[in-house]
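Comments concern the structure below.
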Number of protein chains: 2
Amino acid sequence: MEHRPWKTLRRQLLLDRSPWLRVMADDVELPDGRSVEGYLRLETNDHVVVVPQTADGRLIFLRSYKRGPDAIDLQPPAGMIEPGEAPAVAAERELLEETGYKAERWISLGRSVLGGNLGAGWAHLFLATGCRNVAAPDAGDLETAEMVLLTPDEARRRWRAGEFLQLGSVAALGLAFDRLQALGADALSGS
Amino acid sequence: MEHRPWKTLRRQLLLDRSPWLRVMADDVELPDGRSVEGYLRLETNDHVVVVPQTADGRLIFLRSYKRGPDAIDLQPPAGMIEPGEAPAVAAERELLEETGYKAERWISLGRSVLGGNLGAGWAHLFLATGCRNVAAPDAGDLETAEMVLLTPDEARRRWRAGEFLQLGSVAALGLAFDRLQALGADALSGS
């Protein structure tokens, strides 16, 4: 079957709260000729999610109140990509700012869009291994976050139990566990 | 460390495109006493993502143009939960509407919120096994979708390669592969 993109005939800006959010309404033409008015589209900055593993095999998480789930949540380091910044550069910057760690090796786990229909920016997912503490964290976020180090086994147990409340965490962790297993790095040495 | 939620002092409705989207601006008070004006919050209906496995072990996907990534994308069946509908009921309904299949067994894989900061509704993730075709698909979506059946191995290869463009697909598939492996159902019988 041949699949063709929709044609955007007209785009109207409904709400502009840059750099956090822009909401658009698109008049589109479907491949079969039908047209749809006001199909919504969200724009936010792209962001990165980084699953960091320390040199001794533990995974680094942050625990804080998050406004999205409106709950205390554990998550891998994550943050907005600055305008013009490459995703890999943003990943290094966010890891350093939020944890004070630098990685020996970076592995891209791909990218995906938040909303299948509405859009809303891309999440770029990374695994960072061989991480070592080089500075104090200095995230500058509104949330007060606490660093939590977990063994891969314990993190995977929580992931299976549905304890991670943000979709980006769930997606990045699944790919990271799979990659760590392939690298033979999914268990602590000696554990 | 003690983590406390933010207090919402005032909520202003900025944009109402119900049932698709509502955008709010919240004035909030942080636990340390600071206040922040106009912190954005998105509301959309919650949705379900279903990874369905047929009785002979294949995973069912849909291929179509998706407006979010603005690309042709492969994804598990997914859809909006109707007002008052239980997530498990929506999952059964969406699977039947989009594929014409009914499952023998349903396994919840948890739920997570789209936006860690902005909110935007919850994705409820499911694995559905022992699926059998009972009707013709009748999704009523704007997109013309094509059903694609893949072996778990082939689906996992594409997931590892970053070929799924929607964050909900990536999250649900990771958990589903893990669960299928635990069930011993991650390979086709005879393959």
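A note on labels: chains of the structure tokens are A, B, ... as shown, every chain counts residues from 1, and ligands are counted from 1 in their shown order.
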
Note to self: So that I can check the secondary structure, give me every residue of range 6-175 of chain B assigned strand (DSSP E or B) by backbone DSSP, as an MDAnalysis selection string.
What the structure shows: chainID B and resid 7:17 21:29 35:43 47:54 59:66 71:75 78:80 101:102 105:115 119:133 146:150 166

Next item on the list: From the DSSP assignment of the backbone, select every residue of range 36-159 of chain B that is alpha helix (DSSP H), and format the answer as an MDAnalysis selection string.
Entry: chainID B and resid 87:99 152:159

Could the residues in this selection be written to a file with C-alpha atoms, as a tab-separated table (two decimals), in the first residue's frame?
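Saved to out-v9.tsv:
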```tsv
chain	number	residue	atom	x	y	z
B	87	PRO	CA	-8.35	2.06	30.01
B	88	ALA	CA	-8.70	-1.73	29.67
B	89	VAL	CA	-12.04	-1.30	27.88
B	90	ALA	CA	-10.56	1.33	25.54
B	91	ALA	CA	-7.66	-1.04	24.79
B	92	GLU	CA	-10.04	-3.85	23.75
B	93	ARG	CA	-12.12	-1.45	21.69
B	94	GLU	CA	-9.15	0.11	19.90
B	95	LEU	CA	-7.61	-3.29	19.12
B	96	LEU	CA	-10.90	-4.50	17.61
B	97	GLU	CA	-11.58	-1.27	15.68
B	98	GLU	CA	-8.08	-0.90	14.28
B	99	THR	CA	-7.25	-4.54	13.52
B	152	PRO	CA	8.92	-10.64	17.59
B	153	ASP	CA	12.54	-10.89	16.39
B	154	GLU	CA	11.94	-8.62	13.42
B	155	ALA	CA	9.97	-6.13	15.52
B	156	ARG	CA	12.74	-6.05	18.13
B	157	ARG	CA	15.36	-5.52	15.44
B	158	ARG	CA	13.47	-2.46	14.20
B	159	TRP	CA	12.92	-1.19	17.76
```

Next item on the list: Using only C-alpha atoms, find the residues of chain B whose closest atom to chain A is at most 6 Å away, then write them as a PyMOL selection string.
Entry: chain B and resi 5+65+67-69+110+112-119+162+165-167+170-171+174

Write the residues you've just listed into a file as a tab-separated table (two decimals), in the first residue's frame, and include C-alpha atoms for each of them.
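Okay, this is what ended up in out09.tsv:
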```
chain	number	residue	atom	x	y	z
B	5	PRO	CA	4.44	18.80	45.44
B	65	TYR	CA	1.19	8.56	7.67
B	67	ARG	CA	0.87	13.85	11.57
B	68	GLY	CA	2.98	14.01	14.78
B	69	PRO	CA	6.27	12.84	13.25
B	110	GLY	CA	1.64	0.38	33.37
B	112	SER	CA	3.01	7.10	32.13
B	113	VAL	CA	2.49	10.76	31.32
B	114	LEU	CA	3.54	12.23	27.96
B	115	GLY	CA	5.20	15.38	29.23
B	116	GLY	CA	7.29	15.39	32.39
B	117	ASN	CA	6.76	19.13	32.74
B	118	LEU	CA	3.72	19.99	30.60
B	119	GLY	CA	1.60	16.95	31.42
B	162	GLY	CA	15.26	3.30	16.28
B	165	LEU	CA	9.00	7.29	15.51
B	166	GLN	CA	6.45	7.67	18.33
B	167	LEU	CA	7.56	7.69	21.97
B	170	VAL	CA	9.03	2.74	21.84
B	171	ALA	CA	7.94	2.61	25.50
B	174	GLY	CA	10.28	-2.31	25.28
```

Check: Could you state the separation of CA of Lys7 in chain A and CA of Val28 in chain A in Å, given to one decimal place?
Finding: 5.4 Å

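Minimum atom-to-atom distances from B:Ile60, B:Val48, B:Leu9, B:Leu188 to Ala86 in chain B were compared using only C-alpha atoms, and the lowest value belongs to B:Val48.
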
Item checked: All residues 7 Å or closer to Pro76 in chain B, only C-alpha atoms, same chain fewer than 4 positions away omitted, as a VMD selection string -> chain B and resid 49 to 51 60 to 62 169

Using only N, CA, C and O atoms, please write the residues we just selected to a file, as a compact mmCIF listing (two decimals), in the first residue's frame.
```txt
# COMPACT_ATOMS: atom_id res chain seq x y z
N VAL B 49 -2.02 2.31 24.33
CA VAL B 49 -1.17 1.72 23.30
C VAL B 49 -1.19 0.21 23.56
O VAL B 49 -0.94 -0.23 24.69
N VAL B 50 -1.51 -0.57 22.54
CA VAL B 50 -1.68 -2.02 22.69
C VAL B 50 -0.69 -2.76 21.80
O VAL B 50 -0.71 -2.57 20.57
N VAL B 51 0.17 -3.59 22.39
CA VAL B 51 1.03 -4.46 21.59
C VAL B 51 0.34 -5.81 21.49
O VAL B 51 0.26 -6.54 22.47
N ILE B 60 1.20 -7.50 15.80
CA ILE B 60 0.40 -6.73 14.83
C ILE B 60 0.75 -5.24 14.92
O ILE B 60 0.70 -4.64 15.99
N PHE B 61 1.09 -4.66 13.76
CA PHE B 61 1.39 -3.23 13.68
C PHE B 61 0.51 -2.57 12.63
O PHE B 61 -0.09 -3.25 11.79
N LEU B 62 0.45 -1.25 12.70
CA LEU B 62 -0.24 -0.47 11.69
C LEU B 62 0.77 0.47 11.04
O LEU B 62 1.61 1.07 11.72
N SER B 169 5.10 4.16 21.20
CA SER B 169 5.44 2.87 20.59
C SER B 169 6.72 2.32 21.21
O SER B 169 6.80 1.14 21.56
```
